[in-house]
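*Asks:* My structure file upload_16.txt, compact mmCIF, C-alpha atoms, is below:
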# COMPACT_ATOMS: atom_id res chain seq x y z
CA MET A 25 -78.25 0.46 -100.95
CA GLU A 26 -76.45 -1.58 -103.57
CA PRO A 27 -78.48 -3.44 -106.14
CA ARG A 28 -78.86 -7.18 -105.56
CA ARG A 29 -76.49 -9.40 -107.50
CA THR A 30 -78.39 -11.91 -109.54
CA ASP A 31 -75.88 -14.74 -108.97
CA GLU A 32 -76.49 -14.77 -105.17
CA PRO A 33 -79.35 -16.92 -103.91
CA VAL A 34 -82.07 -15.32 -101.89
CA LEU A 35 -84.29 -16.98 -99.38
CA GLU A 36 -87.08 -17.39 -101.88
CA ASP A 37 -84.71 -19.23 -104.26
CA ILE A 38 -83.67 -21.88 -101.70
CA LYS A 39 -85.85 -24.97 -101.82
CA GLU A 40 -86.03 -27.19 -98.79
CA ASP A 41 -83.94 -30.28 -99.20
CA ALA A 42 -85.61 -33.21 -97.51
CA GLY A 43 -82.31 -35.08 -97.56
CA PRO A 44 -81.93 -38.79 -98.13
CA GLU A 45 -84.73 -41.18 -97.45
CA PRO A 46 -84.82 -42.32 -93.81
CA VAL A 47 -83.05 -45.60 -93.17
CA ALA A 48 -84.82 -48.24 -91.13
CA VAL A 49 -82.82 -48.90 -87.96
CA ALA A 50 -83.13 -52.23 -86.24
CA PRO A 51 -84.36 -51.89 -82.67
CA ALA A 52 -81.71 -52.28 -79.97
CA VAL A 53 -81.34 -55.76 -78.58
CA ALA A 54 -83.03 -55.90 -75.21
CA ARG A 55 -80.53 -56.87 -72.55
CA GLU A 56 -81.09 -57.83 -69.01
CA PRO A 57 -79.48 -55.52 -66.46
CA LEU A 58 -76.10 -56.65 -65.17
CA GLU A 59 -75.80 -56.64 -61.41
CA ILE A 60 -72.25 -56.20 -60.08
CA THR A 61 -71.30 -56.48 -56.42
CA PHE A 62 -68.06 -55.03 -55.08
CA VAL A 63 -66.53 -56.25 -51.82
CA GLY A 64 -63.85 -54.43 -49.85
CA ASP A 65 -60.71 -55.79 -48.22
CA ILE A 66 -60.57 -59.59 -47.93
CA ILE A 67 -58.07 -61.18 -45.54
CA PHE A 68 -57.83 -64.69 -44.14
CA GLY A 69 -55.18 -64.16 -41.48
CA ARG A 70 -52.47 -61.92 -40.13
CA TYR A 71 -49.11 -62.23 -38.51
CA ARG A 72 -48.69 -61.56 -34.80
CA THR A 73 -45.61 -61.81 -32.59
CA ALA A 74 -46.09 -65.57 -32.15
CA GLY A 75 -46.61 -66.18 -35.88
CA PHE A 76 -49.51 -66.49 -38.29
CA ASP A 77 -53.00 -66.13 -36.82
CA ALA A 78 -55.68 -67.48 -39.15
CA ILE A 79 -59.00 -65.64 -39.06
CA VAL A 80 -60.80 -68.54 -40.70
CA GLY A 81 -60.59 -71.81 -38.80
CA GLU A 82 -60.34 -75.32 -40.21
CA GLY A 83 -63.64 -76.37 -41.81
CA GLU A 84 -65.20 -72.89 -41.56
CA ARG A 85 -66.85 -71.27 -44.58
CA PRO A 86 -66.38 -67.52 -44.06
CA PHE A 87 -68.79 -66.29 -46.75
CA ASP A 88 -71.75 -68.58 -46.05
CA ASP A 89 -73.57 -66.06 -43.83
CA ILE A 90 -73.44 -63.35 -46.50
CA LEU A 91 -73.78 -65.39 -49.72
CA ASN A 92 -77.25 -64.03 -50.44
CA THR A 93 -76.05 -60.45 -49.93
CA MET A 94 -73.10 -60.98 -52.30
CA ARG A 95 -75.06 -62.90 -54.95
CA SER A 96 -75.01 -61.06 -58.28
CA ASP A 97 -74.03 -61.53 -61.92
CA LEU A 98 -70.46 -60.50 -61.15
CA LEU A 99 -68.79 -60.51 -57.72
CA ILE A 100 -65.56 -58.50 -57.48
CA GLY A 101 -63.42 -57.95 -54.39
CA ASN A 102 -60.15 -56.47 -53.18
CA LEU A 103 -57.83 -59.27 -52.05
CA GLU A 104 -55.87 -57.48 -49.33
CA THR A 105 -54.04 -60.76 -48.72
CA PRO A 106 -51.19 -61.95 -50.94
CA LEU A 107 -51.44 -65.65 -51.76
CA VAL A 108 -48.59 -68.15 -51.57
CA TYR A 109 -48.35 -71.91 -51.96
CA GLU A 110 -46.39 -72.29 -48.70
CA LEU A 111 -47.43 -69.82 -46.02
CA PRO A 112 -44.41 -68.97 -43.80
CA VAL A 113 -44.79 -69.31 -40.03
CA LYS A 114 -43.28 -65.85 -39.42
CA SER A 115 -43.95 -62.67 -41.37
CA PRO A 116 -41.45 -62.27 -44.22
CA ILE A 117 -41.51 -58.49 -43.79
CA GLY A 118 -41.63 -58.30 -39.99
CA ALA A 119 -44.34 -55.62 -40.01
CA LYS A 120 -46.99 -55.31 -37.31
CA PHE A 121 -49.82 -55.57 -39.85
CA ALA A 122 -48.79 -58.18 -42.41
CA PHE A 123 -51.22 -60.50 -44.17
CA GLY A 124 -50.97 -63.75 -46.08
CA ALA A 125 -52.98 -66.77 -47.15
CA SER A 126 -52.30 -70.16 -48.66
CA LYS A 127 -53.88 -71.61 -51.78
CA ALA A 128 -56.07 -73.78 -49.55
CA MET A 129 -57.40 -70.65 -47.81
CA ALA A 130 -57.99 -69.02 -51.21
CA GLN A 131 -60.47 -71.79 -52.05
CA HIS A 132 -62.91 -69.82 -49.86
CA LEU A 133 -62.95 -67.19 -52.62
CA VAL A 134 -64.28 -69.77 -55.08
CA ASP A 135 -66.84 -70.99 -52.55
CA GLY A 136 -67.90 -67.37 -52.02
CA GLY A 137 -68.55 -66.92 -55.74
CA PHE A 138 -65.85 -64.36 -56.56
CA ALA A 139 -65.29 -63.91 -60.29
CA ALA A 140 -62.59 -61.22 -60.12
CA LEU A 141 -60.21 -59.77 -57.52
CA SER A 142 -57.94 -56.77 -57.36
CA LEU A 143 -54.42 -57.38 -56.11
CA ALA A 144 -53.38 -53.71 -56.18
CA ASN A 145 -53.22 -52.56 -52.57
CA ASN A 146 -50.84 -51.62 -49.79
CA HIS A 147 -50.43 -55.25 -48.61
CA SER A 148 -49.48 -56.77 -51.97
CA PHE A 149 -45.83 -57.11 -50.84
CA ASP A 150 -46.56 -58.67 -47.42
CA GLN A 151 -45.31 -62.04 -48.72
CA ARG A 152 -42.45 -60.40 -50.64
CA ALA A 153 -41.71 -61.54 -54.21
CA GLU A 154 -43.34 -64.92 -53.61
CA GLY A 155 -46.70 -63.24 -52.98
CA LEU A 156 -46.37 -60.93 -55.97
CA LEU A 157 -45.59 -63.84 -58.27
CA GLN A 158 -47.77 -66.56 -56.78
CA SER A 159 -50.99 -64.60 -56.14
CA PRO A 160 -51.88 -64.24 -59.84
CA LYS A 161 -50.95 -67.89 -60.53
CA ILE A 162 -53.07 -69.19 -57.66
CA LEU A 163 -56.07 -67.11 -58.70
CA GLU A 164 -55.73 -68.32 -62.28
CA GLU A 165 -55.60 -71.93 -61.06
CA LEU A 166 -58.80 -71.25 -59.10
CA GLY A 167 -60.50 -69.72 -62.15
CA ILE A 168 -60.65 -66.19 -60.73
CA VAL A 169 -59.74 -63.18 -62.90
CA ARG A 170 -57.26 -60.80 -61.31
CA SER A 171 -56.43 -57.17 -61.84
CA GLY A 172 -53.49 -55.18 -60.50
CA ARG A 173 -50.93 -57.92 -60.97
CA ARG A 174 -47.17 -57.80 -61.28
CA ALA A 175 -46.14 -56.58 -64.70
CA ALA A 176 -43.60 -58.40 -66.88
CA SER A 177 -40.94 -55.93 -65.76
CA ARG A 178 -39.53 -55.79 -62.26
CA ARG A 179 -41.92 -52.96 -61.38
CA CYS A 180 -45.37 -53.57 -59.93
CA SER A 181 -48.43 -52.69 -61.94
CA ALA A 182 -51.32 -51.09 -60.08
CA SER A 183 -53.70 -51.72 -62.95
CA SER A 184 -53.98 -54.16 -65.79
CA PRO A 185 -56.79 -54.81 -68.27
CA SER A 186 -58.81 -57.96 -67.67
CA SER A 187 -61.59 -59.71 -69.51
CA VAL A 188 -64.55 -60.82 -67.43
CA ALA A 189 -67.43 -62.81 -68.92
CA GLY A 190 -67.09 -61.31 -72.37
CA GLY A 191 -66.50 -57.77 -71.12
CA ARG A 192 -63.32 -55.85 -70.46
CA SER A 193 -62.13 -53.81 -67.53
CA GLY A 194 -58.96 -51.96 -66.76
Mind turning this structure into structure tokens?
*Replies:*
Amino acid sequence: MEPRRTDEPVLEDIKEDAGPEPVAVAPAVAREPLEITFVGDIIFGRYRTAGFDAIVGEGERPFDDILNTMRSDLLIGNLETPLVYELPVKSPIGAKFAFGASKAMAQHLVDGGFAALSLANNHSFDQRAEGLLQSPKILEELGIVRSGRRAASRRCSASSPSSVAGGRSG
């Protein structure tokens, strides 16, 4: 065995280092839980052979029966219906399952308490370019945050960051 070198520390030579004095940390701010409700596909009408067939009739309030179920701090849904200012009588795409809604129909979303809606879905082009361009504008006019809107380029964006009540999603 080699003799111990005197310049190397040994366990007995090492003194415990207590480290810096502990820093007082302020307690975390107590926050109330945030309740978020997500709703699936929302449509207000569809096109049939004879033309547009509204699901919601004049003067009806489609969300009234489920308002208590949907009530939360943040209500988010998937708007499966593109919005346009002037809803055409016939489907612009001629498909069997094509949806659309006017700005007047979209007022039901406000009445239902929706804070944010996704526009990214397989029916986003049912009203062609008008629906892609007008849906985000209409929702903004109604005070509803949207996600999945048309990007500045000619391509469609499936996701876009959005701010909701001081938070951020996307």
*Asks:* Find the residue from A:Ser115, A:Thr93, A:Thr105, A:Asn146 that sits nearest to Thr73 of chain A; use all atoms listed in the file when measuring.
*Replies:*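 Distance minimum relative to Thr73 of chain A lands on A:Ser115.
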*Asks:* Between A:Gln151, A:Ser159, A:Ser171, A:Thr61, which has the minimum distance to Leu99 of chain A (counting only C-alpha atoms)?
*Replies:*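 Using only C-alpha atoms, the shortest distance to Leu99 of chain A belongs to A:Thr61.
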*Asks:* Can you measure atom CA of Ala122 of chain A to atom CA of Gly69 of chain A for me? One decimal in Å is fine.
*Replies:*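 Atom CA of Ala122 of chain A sits 8.8 Å away from atom CA of Gly69 of chain A.
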*Asks:* So, counting all atoms listed in the file, which residue among A:Leu143, A:Val63, A:Ala74, A:Leu156 is closest to Gly118 of chain A?
*Replies:* A:Ala74
*Asks:* Got a sec: who's within 8 Å of Phe138 of chain A, counting all atoms listed in the file, leaving out chain neighbours fewer than 4 positions off, as a VMD selection string?
*Replies:* chain A and resid 98 to 101 133 to 134 168
*Asks:* Please, what distance in Å, to one decimal, runs between atom CA of Asp88 of chain A and atom CA of Ile67 of chain A?
*Replies:* 15.6 Å
*Asks:* What does the distance between atom CA of Pro112 of chain A and atom CA of Gly64 of chain A come to in Å, to one decimal place?
*Replies:* 25.0 Å
*Asks:* Restricting the calculation to all atoms listed in the file, which member of A:Leu141, A:Leu103, A:Val53, A:Ala128 is positioned closest to Ile66 of chain A?
*Replies:*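 Of A:Leu141, A:Leu103, A:Val53, A:Ala128, the one nearest Ile66 of chain A, counting all atoms listed in the file, is A:Leu103.
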*Asks:* Restricting the calculation to only C-alpha atoms, which member of A:Arg95, A:Lys120, A:His147, A:Lys127 is positioned closest to Pro160 of chain A?
*Replies:* A:Lys127
*Asks:* Ranking A:Asp65, A:Ala52, A:Phe121, A:Val113 by minimum distance to Ser142 of chain A and counting only C-alpha atoms, which one comes first?
*Replies:*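 Smallest distance to Ser142 of chain A is found for A:Asp65.
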*Asks:* Around (-52.2, -64.2, -44.0) in the file's own coordinates, what residues are found within 6 Å if you use all atoms listed in the file, given back as number ranges by chain?
*Replies:* A: 68-70, 123-125
*Asks:* Near Val80 of chain A, within 10 Å and counting all atoms listed in the file, which residues show up once chain neighbours fewer than 3 positions away are dropped, as a PyMOL selection string?
*Replies:* chain A and resi 67-69+77+83-86+129+132
*Asks:* Set the distance at 10 Å and use all atoms listed in the file: which residues neighbour Lys161 of chain A once local chain neighbours fewer than 5 positions away are removed? I'd like the list as a ChimeraX atom specification.
*Replies:* /A:107-109,127,155-156,166-168,170,173
*Asks:* Taking the block just given, write segment 110-149 of chain A to a file that holds N, CA and C atoms, as an mmCIF file, in the first residue's frame.
*Replies:*
data_model
loop_
_atom_site.group_PDB
_atom_site.id
_atom_site.type_symbol
_atom_site.label_atom_id
_atom_site.label_comp_id
_atom_site.auth_asym_id
_atom_site.auth_seq_id
_atom_site.Cartn_x
_atom_site.Cartn_y
_atom_site.Cartn_z
ATOM 1 N N GLU A 110 -73.723 37.039 -44.791
ATOM 2 C CA GLU A 110 -74.875 36.706 -45.647
ATOM 3 C C GLU A 110 -74.857 35.214 -45.929
ATOM 4 N N LEU A 111 -75.744 34.477 -45.311
ATOM 5 C CA LEU A 111 -75.798 33.029 -45.491
ATOM 6 C C LEU A 111 -76.443 32.704 -46.841
ATOM 7 N N PRO A 112 -75.726 32.008 -47.744
ATOM 8 C CA PRO A 112 -76.304 31.678 -49.047
ATOM 9 C C PRO A 112 -77.448 30.663 -48.915
ATOM 10 N N VAL A 113 -78.381 30.738 -49.840
ATOM 11 C CA VAL A 113 -79.528 29.822 -49.835
ATOM 12 C C VAL A 113 -79.069 28.400 -50.143
ATOM 13 N N LYS A 114 -78.169 28.250 -51.098
ATOM 14 C CA LYS A 114 -77.646 26.935 -51.494
ATOM 15 C C LYS A 114 -76.214 26.784 -50.977
ATOM 16 N N SER A 115 -75.800 25.553 -50.763
ATOM 17 C CA SER A 115 -74.452 25.278 -50.287
ATOM 18 C C SER A 115 -73.414 25.741 -51.302
ATOM 19 N N PRO A 116 -72.439 26.521 -50.878
ATOM 20 C CA PRO A 116 -71.392 26.968 -51.796
ATOM 21 C C PRO A 116 -70.467 25.835 -52.251
ATOM 22 N N ILE A 117 -70.450 24.729 -51.517
ATOM 23 C CA ILE A 117 -69.564 23.629 -51.906
ATOM 24 C C ILE A 117 -70.326 22.439 -52.476
ATOM 25 N N GLY A 118 -71.640 22.439 -52.377
ATOM 26 C CA GLY A 118 -72.443 21.380 -52.949
ATOM 27 C C GLY A 118 -72.320 20.033 -52.259
ATOM 28 N N ALA A 119 -71.726 19.975 -51.094
ATOM 29 C CA ALA A 119 -71.545 18.705 -50.382
ATOM 30 C C ALA A 119 -72.816 18.304 -49.646
ATOM 31 N N LYS A 120 -72.951 17.008 -49.387
ATOM 32 C CA LYS A 120 -74.119 16.492 -48.685
ATOM 33 C C LYS A 120 -74.183 17.018 -47.251
ATOM 34 N N PHE A 121 -73.039 17.092 -46.578
ATOM 35 C CA PHE A 121 -72.984 17.583 -45.213
ATOM 36 C C PHE A 121 -72.192 18.881 -45.178
ATOM 37 N N ALA A 122 -72.872 19.979 -45.420
ATOM 38 C CA ALA A 122 -72.237 21.304 -45.397
ATOM 39 C C ALA A 122 -72.982 22.153 -44.374
ATOM 40 N N PHE A 123 -72.214 22.901 -43.583
ATOM 41 C CA PHE A 123 -72.794 23.714 -42.527
ATOM 42 C C PHE A 123 -72.544 25.194 -42.784
ATOM 43 N N GLY A 124 -73.295 26.013 -42.076
ATOM 44 C CA GLY A 124 -73.122 27.453 -42.150
ATOM 45 C C GLY A 124 -74.018 28.121 -41.129
ATOM 46 N N ALA A 125 -73.686 29.357 -40.802
ATOM 47 C CA ALA A 125 -74.515 30.145 -39.890
ATOM 48 C C ALA A 125 -74.240 31.616 -40.142
ATOM 49 N N SER A 126 -75.250 32.417 -39.884
ATOM 50 C CA SER A 126 -75.126 33.865 -40.051
ATOM 51 C C SER A 126 -74.659 34.487 -38.731
ATOM 52 N N LYS A 127 -74.307 35.756 -38.790
ATOM 53 C CA LYS A 127 -73.910 36.469 -37.575
ATOM 54 C C LYS A 127 -75.060 36.492 -36.569
ATOM 55 N N ALA A 128 -76.287 36.624 -37.062
ATOM 56 C CA ALA A 128 -77.442 36.625 -36.156
ATOM 57 C C ALA A 128 -77.543 35.296 -35.407
ATOM 58 N N MET A 129 -77.294 34.191 -36.103
ATOM 59 C CA MET A 129 -77.313 32.877 -35.442
ATOM 60 C C MET A 129 -76.177 32.770 -34.429
ATOM 61 N N ALA A 130 -75.040 33.364 -34.735
ATOM 62 C CA ALA A 130 -73.871 33.289 -33.859
ATOM 63 C C ALA A 130 -74.110 34.009 -32.538
ATOM 64 N N GLN A 131 -75.084 34.887 -32.477
ATOM 65 C CA GLN A 131 -75.417 35.563 -31.218
ATOM 66 C C GLN A 131 -75.783 34.541 -30.143
ATOM 67 N N HIS A 132 -76.269 33.372 -30.539
ATOM 68 C CA HIS A 132 -76.589 32.313 -29.574
ATOM 69 C C HIS A 132 -75.344 31.894 -28.782
ATOM 70 N N LEU A 133 -74.180 32.016 -29.399
ATOM 71 C CA LEU A 133 -72.929 31.663 -28.720
ATOM 72 C C LEU A 133 -72.664 32.610 -27.551
ATOM 73 N N VAL A 134 -72.956 33.880 -27.753
ATOM 74 C CA VAL A 134 -72.819 34.872 -26.684
ATOM 75 C C VAL A 134 -73.831 34.567 -25.582
ATOM 76 N N ASP A 135 -75.072 34.336 -25.980
ATOM 77 C CA ASP A 135 -76.124 34.023 -25.007
ATOM 78 C C ASP A 135 -75.797 32.759 -24.216
ATOM 79 N N GLY A 136 -75.094 31.823 -24.843
ATOM 80 C CA GLY A 136 -74.712 30.581 -24.183
ATOM 81 C C GLY A 136 -73.513 30.730 -23.265
ATOM 82 N N GLY A 137 -72.820 31.868 -23.339
ATOM 83 C CA GLY A 137 -71.704 32.122 -22.441
ATOM 84 C C GLY A 137 -70.346 31.677 -22.953
ATOM 85 N N PHE A 138 -70.214 31.427 -24.246
ATOM 86 C CA PHE A 138 -68.930 30.980 -24.783
ATOM 87 C C PHE A 138 -67.910 32.113 -24.751
ATOM 88 N N ALA A 139 -66.715 31.784 -24.238
ATOM 89 C CA ALA A 139 -65.621 32.746 -24.187
ATOM 90 C C ALA A 139 -64.642 32.526 -25.327
ATOM 91 N N ALA A 140 -64.517 31.279 -25.780
ATOM 92 C CA ALA A 140 -63.553 30.948 -26.829
ATOM 93 C C ALA A 140 -64.084 29.798 -27.672
ATOM 94 N N LEU A 141 -63.735 29.825 -28.967
ATOM 95 C CA LEU A 141 -64.161 28.780 -29.899
ATOM 96 C C LEU A 141 -63.024 28.404 -30.827
ATOM 97 N N SER A 142 -62.947 27.131 -31.138
ATOM 98 C CA SER A 142 -62.000 26.652 -32.138
ATOM 99 C C SER A 142 -62.683 26.650 -33.500
ATOM 100 N N LEU A 143 -61.957 27.116 -34.493
ATOM 101 C CA LEU A 143 -62.466 27.106 -35.868
ATOM 102 C C LEU A 143 -61.776 26.041 -36.718
ATOM 103 N N ALA A 144 -60.843 25.321 -36.126
ATOM 104 C CA ALA A 144 -60.048 24.337 -36.871
ATOM 105 C C ALA A 144 -60.778 23.000 -36.891
ATOM 106 N N ASN A 145 -61.460 22.726 -37.986
ATOM 107 C CA ASN A 145 -62.155 21.448 -38.126
ATOM 108 C C ASN A 145 -62.427 21.171 -39.601
ATOM 109 N N ASN A 146 -62.993 20.018 -39.869
ATOM 110 C CA ASN A 146 -63.207 19.595 -41.250
ATOM 111 C C ASN A 146 -64.320 20.350 -41.977
ATOM 112 N N HIS A 147 -65.065 21.213 -41.303
ATOM 113 C CA HIS A 147 -66.114 21.992 -41.966
ATOM 114 C C HIS A 147 -65.750 23.468 -42.106
ATOM 115 N N SER A 148 -64.521 23.826 -41.808
ATOM 116 C CA SER A 148 -64.139 25.240 -41.838
ATOM 117 C C SER A 148 -64.236 25.855 -43.227
ATOM 118 N N PHE A 149 -64.242 25.036 -44.289
ATOM 119 C CA PHE A 149 -64.323 25.566 -45.659
ATOM 120 C C PHE A 149 -65.723 25.417 -46.264
#
